[in-house]
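A.B. asks: As input, take query27.csv (CSV, C-alpha atoms):
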chain,number,residue,atom,x,y,z
D,27,MET,CA,0.0,0.0,0.0
D,28,ARG,CA,1.2,3.5,-0.9
D,29,ILE,CA,0.5,6.3,1.6
D,30,ILE,CA,0.1,9.7,-0.1
D,31,GLY,CA,0.0,12.9,1.9
D,32,LEU,CA,-2.2,15.7,0.4
D,33,ALA,CA,-1.0,19.0,1.8
D,34,GLY,CA,-1.5,22.7,1.1
D,35,PRO,CA,-3.4,25.6,2.6
D,36,ALA,CA,-7.1,25.9,3.1
D,37,GLY,CA,-9.1,26.3,-0.1
D,38,THR,CA,-6.8,24.4,-2.4
D,39,GLY,CA,-9.3,21.6,-2.9
D,40,LYS,CA,-7.6,18.7,-1.1
D,41,SER,CA,-10.8,17.5,0.5
D,42,THR,CA,-12.9,17.6,-2.7
D,43,VAL,CA,-10.3,15.7,-4.7
D,44,ALA,CA,-9.5,13.2,-2.0
D,45,ARG,CA,-13.2,12.3,-1.6
D,46,MET,CA,-13.6,12.0,-5.4
D,47,LEU,CA,-10.6,9.7,-5.7
D,48,ALA,CA,-11.7,7.6,-2.7
D,49,ARG,CA,-14.7,6.4,-4.8
D,50,ARG,CA,-12.3,4.6,-7.1
D,51,ALA,CA,-11.4,0.9,-6.5
D,52,GLY,CA,-8.2,0.6,-4.5
D,53,PHE,CA,-8.3,4.1,-3.0
D,54,ALA,CA,-9.2,5.3,0.5
D,55,HIS,CA,-9.1,8.7,2.2
D,56,VAL,CA,-8.3,9.8,5.7
D,57,ASP,CA,-9.0,13.4,6.8
D,58,CYS,CA,-6.6,14.5,9.5
D,59,ASP,CA,-8.9,17.4,10.4
D,60,ALA,CA,-11.6,14.9,11.2
D,61,LEU,CA,-9.2,12.9,13.4
D,62,ALA,CA,-8.3,16.1,15.2
D,63,TRP,CA,-11.9,16.8,16.0
D,64,GLU,CA,-12.2,13.3,17.5
D,65,ALA,CA,-9.4,14.4,19.9
D,66,TYR,CA,-11.5,17.5,20.8
D,67,ARG,CA,-14.7,15.7,21.7
D,68,PRO,CA,-15.7,15.4,25.3
D,69,GLY,CA,-13.7,12.6,26.8
D,70,GLY,CA,-11.2,12.8,23.9
D,71,PRO,CA,-7.4,13.0,24.6
D,72,ALA,CA,-7.2,16.7,23.9
D,73,TYR,CA,-10.4,17.9,25.5
D,74,LEU,CA,-9.2,18.6,29.0
D,75,PRO,CA,-5.8,20.0,27.9
D,76,LEU,CA,-7.7,22.4,25.6
D,77,LEU,CA,-9.9,23.6,28.5
D,78,ALA,CA,-6.9,24.0,30.7
D,79,ARG,CA,-5.1,26.1,28.1
D,80,PHE,CA,-8.0,28.1,26.6
D,81,GLY,CA,-10.7,28.1,29.2
D,82,GLN,CA,-14.5,27.4,29.3
D,83,GLY,CA,-15.1,30.1,26.7
D,84,ILE,CA,-14.3,27.8,23.8
D,85,LEU,CA,-17.3,25.5,24.7
D,86,ASN,CA,-20.8,25.3,23.3
D,87,PRO,CA,-23.7,25.1,25.7
D,88,ASP,CA,-23.7,21.3,25.4
D,89,GLY,CA,-20.0,21.1,26.4
D,90,THR,CA,-18.5,20.4,23.0
D,91,VAL,CA,-15.7,22.6,21.7
D,92,ASP,CA,-16.9,25.5,19.5
D,93,ARG,CA,-14.7,25.3,16.4
D,94,GLY,CA,-15.2,28.9,15.5
D,95,LYS,CA,-14.3,30.2,19.0
D,96,LEU,CA,-11.2,28.0,19.2
D,97,GLY,CA,-10.2,29.0,15.7
D,98,SER,CA,-10.5,32.7,16.5
D,99,LEU,CA,-8.0,32.2,19.4
D,100,VAL,CA,-5.4,30.0,17.6
D,101,PHE,CA,-5.4,31.7,14.2
D,102,SER,CA,-4.5,35.0,15.7
D,103,ASP,CA,-1.9,33.8,18.1
D,104,PRO,CA,1.1,31.7,16.9
D,105,GLN,CA,1.9,30.4,20.3
D,106,ALA,CA,-1.7,29.3,20.9
D,107,ARG,CA,-1.6,27.5,17.6
D,108,ARG,CA,1.6,25.7,18.6
D,109,ASP,CA,0.0,24.7,21.9
D,110,LEU,CA,-3.1,23.4,20.1
D,111,GLU,CA,-0.9,21.4,17.8
D,112,ASP,CA,1.1,20.0,20.7
D,113,PHE,CA,-2.1,18.7,22.3
D,114,VAL,CA,-3.6,17.2,19.1
D,115,HIS,CA,-1.1,16.3,16.5
D,116,PRO,CA,0.7,13.4,18.3
D,117,TRP,CA,-2.7,11.7,18.8
D,118,VAL,CA,-3.6,12.3,15.2
D,119,MET,CA,-0.4,10.6,14.1
D,120,ALA,CA,-1.1,7.6,16.3
D,121,ALA,CA,-4.7,7.4,15.0
D,122,LEU,CA,-3.4,7.7,11.4
D,123,ARG,CA,-1.2,4.7,11.9
D,124,GLU,CA,-4.2,2.7,13.0
D,125,LYS,CA,-6.3,3.8,10.0
D,126,ALA,CA,-3.4,2.8,7.7
D,127,ALA,CA,-3.2,-0.6,9.2
D,128,GLU,CA,-6.9,-1.1,8.8
D,129,ALA,CA,-6.8,0.1,5.2
D,130,GLN,CA,-3.9,-2.3,4.4
D,131,LYS,CA,-6.0,-5.2,5.7
D,132,ARG,CA,-8.8,-4.2,3.4
D,133,GLY,CA,-6.5,-4.3,0.4
D,134,VAL,CA,-6.3,-0.6,-0.2
D,135,ARG,CA,-3.7,0.3,-2.8
D,136,TYR,CA,-3.5,4.1,-2.3
D,137,LEU,CA,-4.3,5.7,1.0
D,138,LEU,CA,-4.8,9.5,0.6
D,139,VAL,CA,-4.1,11.3,3.8
D,140,GLU,CA,-5.3,14.9,3.8
D,141,GLY,CA,-3.9,17.5,6.1
D,142,ALA,CA,-2.9,21.2,5.7
D,143,LEU,CA,0.0,20.9,8.1
D,144,LEU,CA,1.4,17.4,7.1
D,145,LEU,CA,4.6,19.0,6.0
D,146,HIS,CA,4.9,21.7,8.7
D,147,SER,CA,4.0,20.0,12.0
D,148,PRO,CA,7.0,18.7,13.9
D,149,HIS,CA,4.7,15.8,15.2
D,150,VAL,CA,4.2,14.3,11.7
D,151,ASP,CA,6.5,11.4,10.8
D,152,ARG,CA,7.4,12.1,7.2
D,153,ASN,CA,8.9,8.7,6.8
D,154,PHE,CA,5.4,7.3,7.2
D,155,PHE,CA,4.5,8.6,3.7
D,156,ASP,CA,5.6,7.3,0.4
D,157,LEU,CA,4.8,10.6,-1.4
D,158,PHE,CA,3.5,14.1,-0.7
D,159,LEU,CA,1.4,16.1,-3.1
D,160,TRP,CA,1.3,19.8,-2.5
D,161,PHE,CA,-1.9,21.5,-3.9
D,162,SER,CA,-1.1,25.0,-5.3
D,163,VAL,CA,-3.8,27.6,-5.8
D,164,PRO,CA,-3.5,31.4,-5.8
D,165,GLU,CA,-4.8,33.1,-2.7
D,166,GLU,CA,-7.7,34.9,-4.4
D,167,GLU,CA,-9.0,31.6,-5.7
D,168,ARG,CA,-8.7,30.1,-2.3
D,169,ARG,CA,-10.6,33.0,-0.8
D,170,ARG,CA,-13.4,32.6,-3.4
D,171,ARG,CA,-13.6,28.8,-2.6
D,172,LEU,CA,-13.8,29.4,1.1
D,173,ARG,CA,-16.5,32.0,0.7
D,174,ALA,CA,-18.5,29.5,-1.5
D,175,ALA,CA,-18.1,27.0,1.3
D,176,GLY,CA,-20.0,29.4,3.5
D,177,LEU,CA,-17.2,30.3,5.9
D,178,PRO,CA,-17.6,33.7,7.7
D,179,GLU,CA,-15.3,36.4,6.2
D,180,GLN,CA,-13.5,36.8,9.5
D,181,VAL,CA,-12.7,33.1,9.6
D,182,ILE,CA,-11.5,33.1,6.0
D,183,GLU,CA,-9.1,36.0,6.6
D,184,GLN,CA,-7.8,34.4,9.8
D,185,ARG,CA,-7.1,31.2,8.0
D,186,LEU,CA,-5.4,32.9,5.0
D,187,ALA,CA,-3.3,35.0,7.3
D,188,ALA,CA,-2.3,32.0,9.5
D,189,GLN,CA,-1.3,29.9,6.5
D,190,ALA,CA,0.2,32.7,4.4
D,191,GLU,CA,3.7,31.4,5.0
D,192,LEU,CA,3.0,27.8,4.2
D,193,VAL,CA,5.2,26.8,1.3
D,194,PRO,CA,6.2,23.3,0.2
D,195,PRO,CA,9.6,22.2,1.5
D,196,LEU,CA,12.2,20.7,-0.7
D,197,LEU,CA,11.8,17.0,-0.5
D,198,PRO,CA,12.7,14.2,-2.9
D,199,ASN,CA,9.2,12.6,-2.5
D,200,LEU,CA,7.2,15.8,-3.0
D,201,LEU,CA,5.3,16.8,-6.1
D,202,VAL,CA,3.4,20.1,-6.6
D,203,VAL,CA,0.0,19.7,-8.2
D,204,ASP,CA,-1.9,22.6,-9.8
D,205,GLY,CA,-5.2,22.7,-7.9
D,206,GLN,CA,-6.9,25.2,-10.1
D,207,GLY,CA,-9.9,24.3,-12.3
D,208,PRO,CA,-12.7,21.8,-11.9
D,209,PRO,CA,-12.1,19.1,-9.3
D,210,ALA,CA,-12.3,16.4,-11.9
D,211,ASP,CA,-9.4,18.0,-13.8
D,212,VAL,CA,-7.4,18.2,-10.6
D,213,ALA,CA,-8.1,14.6,-9.8
D,214,ARG,CA,-6.8,13.6,-13.2
D,215,ARG,CA,-3.6,15.5,-12.4
D,216,VAL,CA,-3.2,13.7,-9.2
D,217,LEU,CA,-3.6,10.3,-10.9
D,218,ALA,CA,-1.1,11.3,-13.5
D,219,ALA,CA,1.3,12.4,-10.7
D,220,LEU,CA,0.9,9.0,-9.0
D,221,THR,CA,1.5,7.2,-12.3
D,222,ALA,CA,4.6,9.2,-13.1
D,223,TYR,CA,6.1,8.8,-9.6
D,224,PHE,CA,5.4,5.1,-9.0
D,225,GLU,CA,5.8,4.2,-12.7
D,226,LYS,CA,2.6,2.2,-12.8
D,227,GLU,CA,-1.0,2.8,-13.5
D,228,PRO,CA,-3.3,3.4,-10.5
D,229,THR,CA,-6.2,1.0,-10.1
D,230,SER,CA,-9.2,2.1,-12.2
D,231,SER,CA,-12.8,2.2,-11.0
Please express what this file holds, its structure, as C-alpha cells.

C.D. replies:
Amino acid sequence: MRIIGLAGPAGTGKSTVARMLARRAGFAHVDCDALAWEAYRPGGPAYLPLLARFGQGILNPDGTVDRGKLGSLVFSDPQARRDLEDFVHPWVMAALREKAAEAQKRGVRYLLVEGALLLHSPHVDRNFFDLFLWFSVPEEERRRRLRAAGLPEQVIEQRLAAQAELVPPLLPNLLVVDGQGPPADVARRVLAALTAYFEKEPTSS
C-alpha cells in the first residue's frame, strides 16, 4: 500500500479531490482534520488540555468545543496555535497509523491522507509517507472557494493569514499539483502524478 500525503493551505481543494478519488477501487481517504476533532470531543485525549489552556469560553452550551471560537484564538496567536498542535497532532499521528493498518488489511492500494500541516507539523512522521502532493492555488481563488463553502469572512481572513507562509519544503518525495480548475481535472492531475512517480497505472474504478 502506498501512503500519499495531500498537503497545502485551506481552499486548495484537497478534501474535494480526495473524496472524489476515494470512490475509485483501491483508493481510500483519511481526513486529519476529522481525526483532530475526534481528539477535541468530550472525553477525547485533547479535551481537558484544551480547556486548561483556553478556558471554558471555547465551549458550546452542550459542552462540545466550538470550532469557531477555538479558531479565533489560535489563528490570531502563533503560540496558541503551537500549543493546540502539541495537544492534538501526536494523537492524530497515532490514529493515522491505526487507520493505515486497517486500510492495508482491506487491500487498499493508495491511502490518501489529507492535512494542511502534514509538511509543517513537527509531530508528523514524514517517513510514514511514500509521497507528498502539494496543492497549489492562488490566494484569491482560495478565498473565493472558502466563501463559496459558507465560511464567515473573519474566519476566512484568519485562515489565510495564519497559512500565508505555508510553502512546500524541498523533499525528494514531494510533487506540486496545480489545484486550479474543476475538481475532476485536478483529480486527473493527481492520478497522473501517481502514475509518473510510481511508474505504474493506478487502479481504475

A.B. asks: Near Leu200 in chain D, within 12 Å and counting all atoms listed in the file, which residues show up once chain neighbours fewer than 2 positions away are dropped, as a list of chain:residue names?

C.D. replies: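 So the residues in contact are D:Ile30, D:Gly31, D:Leu32, D:Ala33, D:Gly34, D:Leu144, D:Leu145, D:Arg152, D:Phe155, D:Asp156, D:Leu157, D:Phe158, D:Leu159, D:Trp160, D:Phe161, D:Val193, D:Pro194, D:Pro195, D:Leu196, D:Leu197, D:Pro198, D:Val202, D:Val203, D:Ala219, D:Leu220, D:Tyr223.
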
A.B. asks: Please check which residues have atoms at most 6 Å from (-3.1, 18.7, -8.7) in the file's coordinates, counting all atoms listed in the file, and write them as a list in words.

C.D. replies: Phe161, Val203, Asp204, Gly205, Val212, Arg215 and Val216 of chain D

A.B. asks: Which of these, D:Phe154, D:Ala187, D:Asp112, D:Ala106, has the shortest distance to Arg169 in chain D once you count all atoms listed in the file?

C.D. replies: D:Ala187

A.B. asks: May I have the residues within 12 Å of range 117-125 of chain D as an MDAnalysis selection string, using all atoms listed in the file and disregarding those fewer than 4 positions away in the same chain?

C.D. replies: chainID D and resid 29 31 54:66 70:73 110:113 129:132 134 137:141 143:144 147:155

A.B. asks: Just checking: using all atoms listed in the file, which residue out of D:Ser98, D:Asn199, D:Gln82, D:Thr90 ends up closest to Ile182 in chain D?

C.D. replies: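 Ranking D:Ser98, D:Asn199, D:Gln82, D:Thr90 by distance to Ile182 in chain D, first place goes to D:Ser98.
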
A.B. asks: Between CA of Arg67 in chain D and CA of Leu99 in chain D, what is the distance in Å, rounded to a tenth?

C.D. replies: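 Computed distance, CA of Arg67 in chain D to CA of Leu99 in chain D, equals 18.0 Å.
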
A.B. asks: Under the rule that all atoms listed in the file are counted, which of D:Pro116, D:Pro104, D:Pro178, D:Pro68 is the nearest residue to Val91 in chain D?

C.D. replies: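 The answer is D:Pro68, which sits nearest to Val91 in chain D.
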